[in-house]
Amino acid sequence: MAFDPRRAVGRALRRRPPLVLLALAALAAAGCGAASSTPNGALVPVTGTTSTPATSTASPPPATTQTTTTPATTTTTTTTSSTPTTPTSGAPTTTTSTSTTPLPVTPAGLRAAAGYGSYDGCVGTCTGSVPASLRRGLHLPPLGAGGACPVSAVASAPGYAGPALGSGPVYAGQANPVAISTFVDSPWAGARVTFVAAPSYTGPVLVRGGQIGGAGAVGFGEGHVPVDELQLLTPVTTSGGAREWPSFTRVRSAGCYAYQVDGTGFSEVIVFSATG
């Protein structure tokens with residue numbers, strides 16, 4: 001006969017009730033254990049929730065990193081600003097001292113003068129050149145009202161018998177206007193002009209020039225290609241105690257021109273009109 005579990009349970013209940021009660025108590029105890037394990041398992045999420053704030057508490061380090069980065073950037077900027085300041089402040093000093101005595105720029109069509117020996121009356125006999133301190137910037141005046149040429153007044157140069165222009169101590173021994181004439185095989189016309197230094201001045205002389213109200217240049221000497229300036233010290237002739245340097249002033253065309261005469265302690269401009 002086959003075993004029927006239901007019948008066995010029924011017999012057990014009828015024959016041994018205390019055992020059933022014990023079994024039920026055991027089942028209840030087992031049920032309580034299962035129920036209590038569930039809350040214990042639920043503690044895991046609670047623990048996870050607790051760990052979440054811990055993660056949130058760990059967030060401040062990035063904020064600390066950002067705060068640290070900000071001062072670092074500011075310091076770098078300050079350092080960068082101060083670094084160029086030092087070399088920059090030094091660089092202009094070198095540049096300025098270099099530019100205080102610039103090399104002269106020779107106008108187109110002229111030869112660069114090479115010291116006192118470039119003067120017609122000193123070729124092969126004079127050596128040296130004018131001091132760099134005489135090489136001041138040109139300060140030629142503009143044209144007058146209506147484009148008039150602001151010619152210099154005729155003056156008397158001490159110790160010189162002929163007409164002269166200028167306020168001294170160095171003068172241009174010429175009339176005004178100056179009549180220019182052509183030179184053979186040269187695009188530069190010109191006229192004879194004698195520069196005169198009063199007896200009171202015995203130092204070097206630098207004469208340069210240019211056109212007023214235009215881009216024309218002024219040259220010097222009687223060569224096919226004139227020089228760009230006169231450097232004078234030793235006179236060719238003397239008259240009445242004044243030093244004299246006969247030469248030729250050269251221009252390409254008629255117009256308004258000026259000399260700038262620089263010496264030790266003075267710089268003067270002499271304006272003249274050239275006609276052809």
# chains A, B, ... in the order shown; residues from 1 in each chain; ligands from 1
>>> select_by_dssp(residues="stretch 99-244 of chain A", states="helix (DSSP H, G or I)", output="list in words")
Ser99, Tyr116, Gly117, Ser118, Asp120, Gly121, Cys122, Ala132, Ser133, Leu134, Ala145, Gly146 and Gly147 of chain A
>>> residues_around(residues="stretch 185-192 of chain A", least_positions_apart="4", cutoff="7 Å", atoms="only C-alpha atoms", output="count of residues only")
10
>>> atom_distance(atom1="atom CA of A:Gly213", atom2="atom CA of A:Leu143")
5.8 Å
>>> closest_atom_pairs(of="stretch 83-194 of chain A", to="stretch 234-239 of chain A", cutoff="9 Å", atoms="only C-alpha atoms", output="JSON lines")
{"residue": "A:Tyr116", "atom": "CA", "partner": "A:Thr234", "partner_atom": "CA", "distance": 8.4}
{"residue": "A:Gly121", "atom": "CA", "partner": "A:Val236", "partner_atom": "CA", "distance": 6.2}
{"residue": "A:Cys122", "atom": "CA", "partner": "A:Val236", "partner_atom": "CA", "distance": 8.0}
{"residue": "A:Cys126", "atom": "CA", "partner": "A:Thr234", "partner_atom": "CA", "distance": 7.9}
{"residue": "A:Gly159", "atom": "CA", "partner": "A:Ser239", "partner_atom": "CA", "distance": 6.2}
{"residue": "A:Tyr160", "atom": "CA", "partner": "A:Ser239", "partner_atom": "CA", "distance": 6.3}
{"residue": "A:Ala161", "atom": "CA", "partner": "A:Ser239", "partner_atom": "CA", "distance": 8.2}
>>> write_last_selection(atoms="N, CA, C and O atoms", output="PDB file, in the first residue's frame")
ATOM      1  N   TYR A 116      86.545 115.291 -42.609  1.00  0.00           N
ATOM      2  CA  TYR A 116      87.064 116.570 -43.111  1.00  0.00           C
ATOM      3  C   TYR A 116      87.674 116.431 -44.508  1.00  0.00           C
ATOM      4  O   TYR A 116      87.648 117.382 -45.295  1.00  0.00           O
ATOM      5  N   GLY A 121      88.609 121.600 -50.410  1.00  0.00           N
ATOM      6  CA  GLY A 121      89.891 122.209 -50.095  1.00  0.00           C
ATOM      7  C   GLY A 121      90.764 121.364 -49.177  1.00  0.00           C
ATOM      8  O   GLY A 121      91.886 121.768 -48.863  1.00  0.00           O
ATOM      9  N   CYS A 122      90.268 120.187 -48.732  1.00  0.00           N
ATOM     10  CA  CYS A 122      91.026 119.347 -47.803  1.00  0.00           C
ATOM     11  C   CYS A 122      91.335 117.953 -48.350  1.00  0.00           C
ATOM     12  O   CYS A 122      91.859 117.115 -47.602  1.00  0.00           O
ATOM     13  N   CYS A 126      93.467 116.638 -45.069  1.00  0.00           N
ATOM     14  CA  CYS A 126      92.783 116.683 -43.767  1.00  0.00           C
ATOM     15  C   CYS A 126      92.373 115.284 -43.320  1.00  0.00           C
ATOM     16  O   CYS A 126      91.989 114.445 -44.132  1.00  0.00           O
ATOM     17  N   GLY A 159      84.485 140.099 -39.963  1.00  0.00           N
ATOM     18  CA  GLY A 159      85.733 139.745 -40.634  1.00  0.00           C
ATOM     19  C   GLY A 159      85.550 139.301 -42.062  1.00  0.00           C
ATOM     20  O   GLY A 159      86.509 138.840 -42.700  1.00  0.00           O
ATOM     21  N   TYR A 160      84.326 139.420 -42.622  1.00  0.00           N
ATOM     22  CA  TYR A 160      84.088 139.006 -44.020  1.00  0.00           C
ATOM     23  C   TYR A 160      83.518 140.197 -44.792  1.00  0.00           C
ATOM     24  O   TYR A 160      82.598 140.878 -44.329  1.00  0.00           O
ATOM     25  N   ALA A 161      84.045 140.432 -45.983  1.00  0.00           N
ATOM     26  CA  ALA A 161      83.697 141.645 -46.725  1.00  0.00           C
ATOM     27  C   ALA A 161      82.426 141.507 -47.553  1.00  0.00           C
ATOM     28  O   ALA A 161      81.740 142.504 -47.823  1.00  0.00           O
TER      29      ALA A 161
END
>>> closest_residue(among="A:Val261, A:Val105, A:Leu233, A:Leu110", to="A:Val218", atoms="only C-alpha atoms")
A:Leu110
>>> atom_distance(atom1="atom CA of A:Pro169", atom2="atom CA of A:Tyr201")
6.5 Å
>>> atom_distance(atom1="atom CA of A:Val123", atom2="atom CA of A:Arg208")
18.8 Å
>>> residues_around(residues="stretch 135-137 of chain A", least_positions_apart="2", cutoff="12 Å", atoms="only C-alpha atoms", output="count of residues only")
33
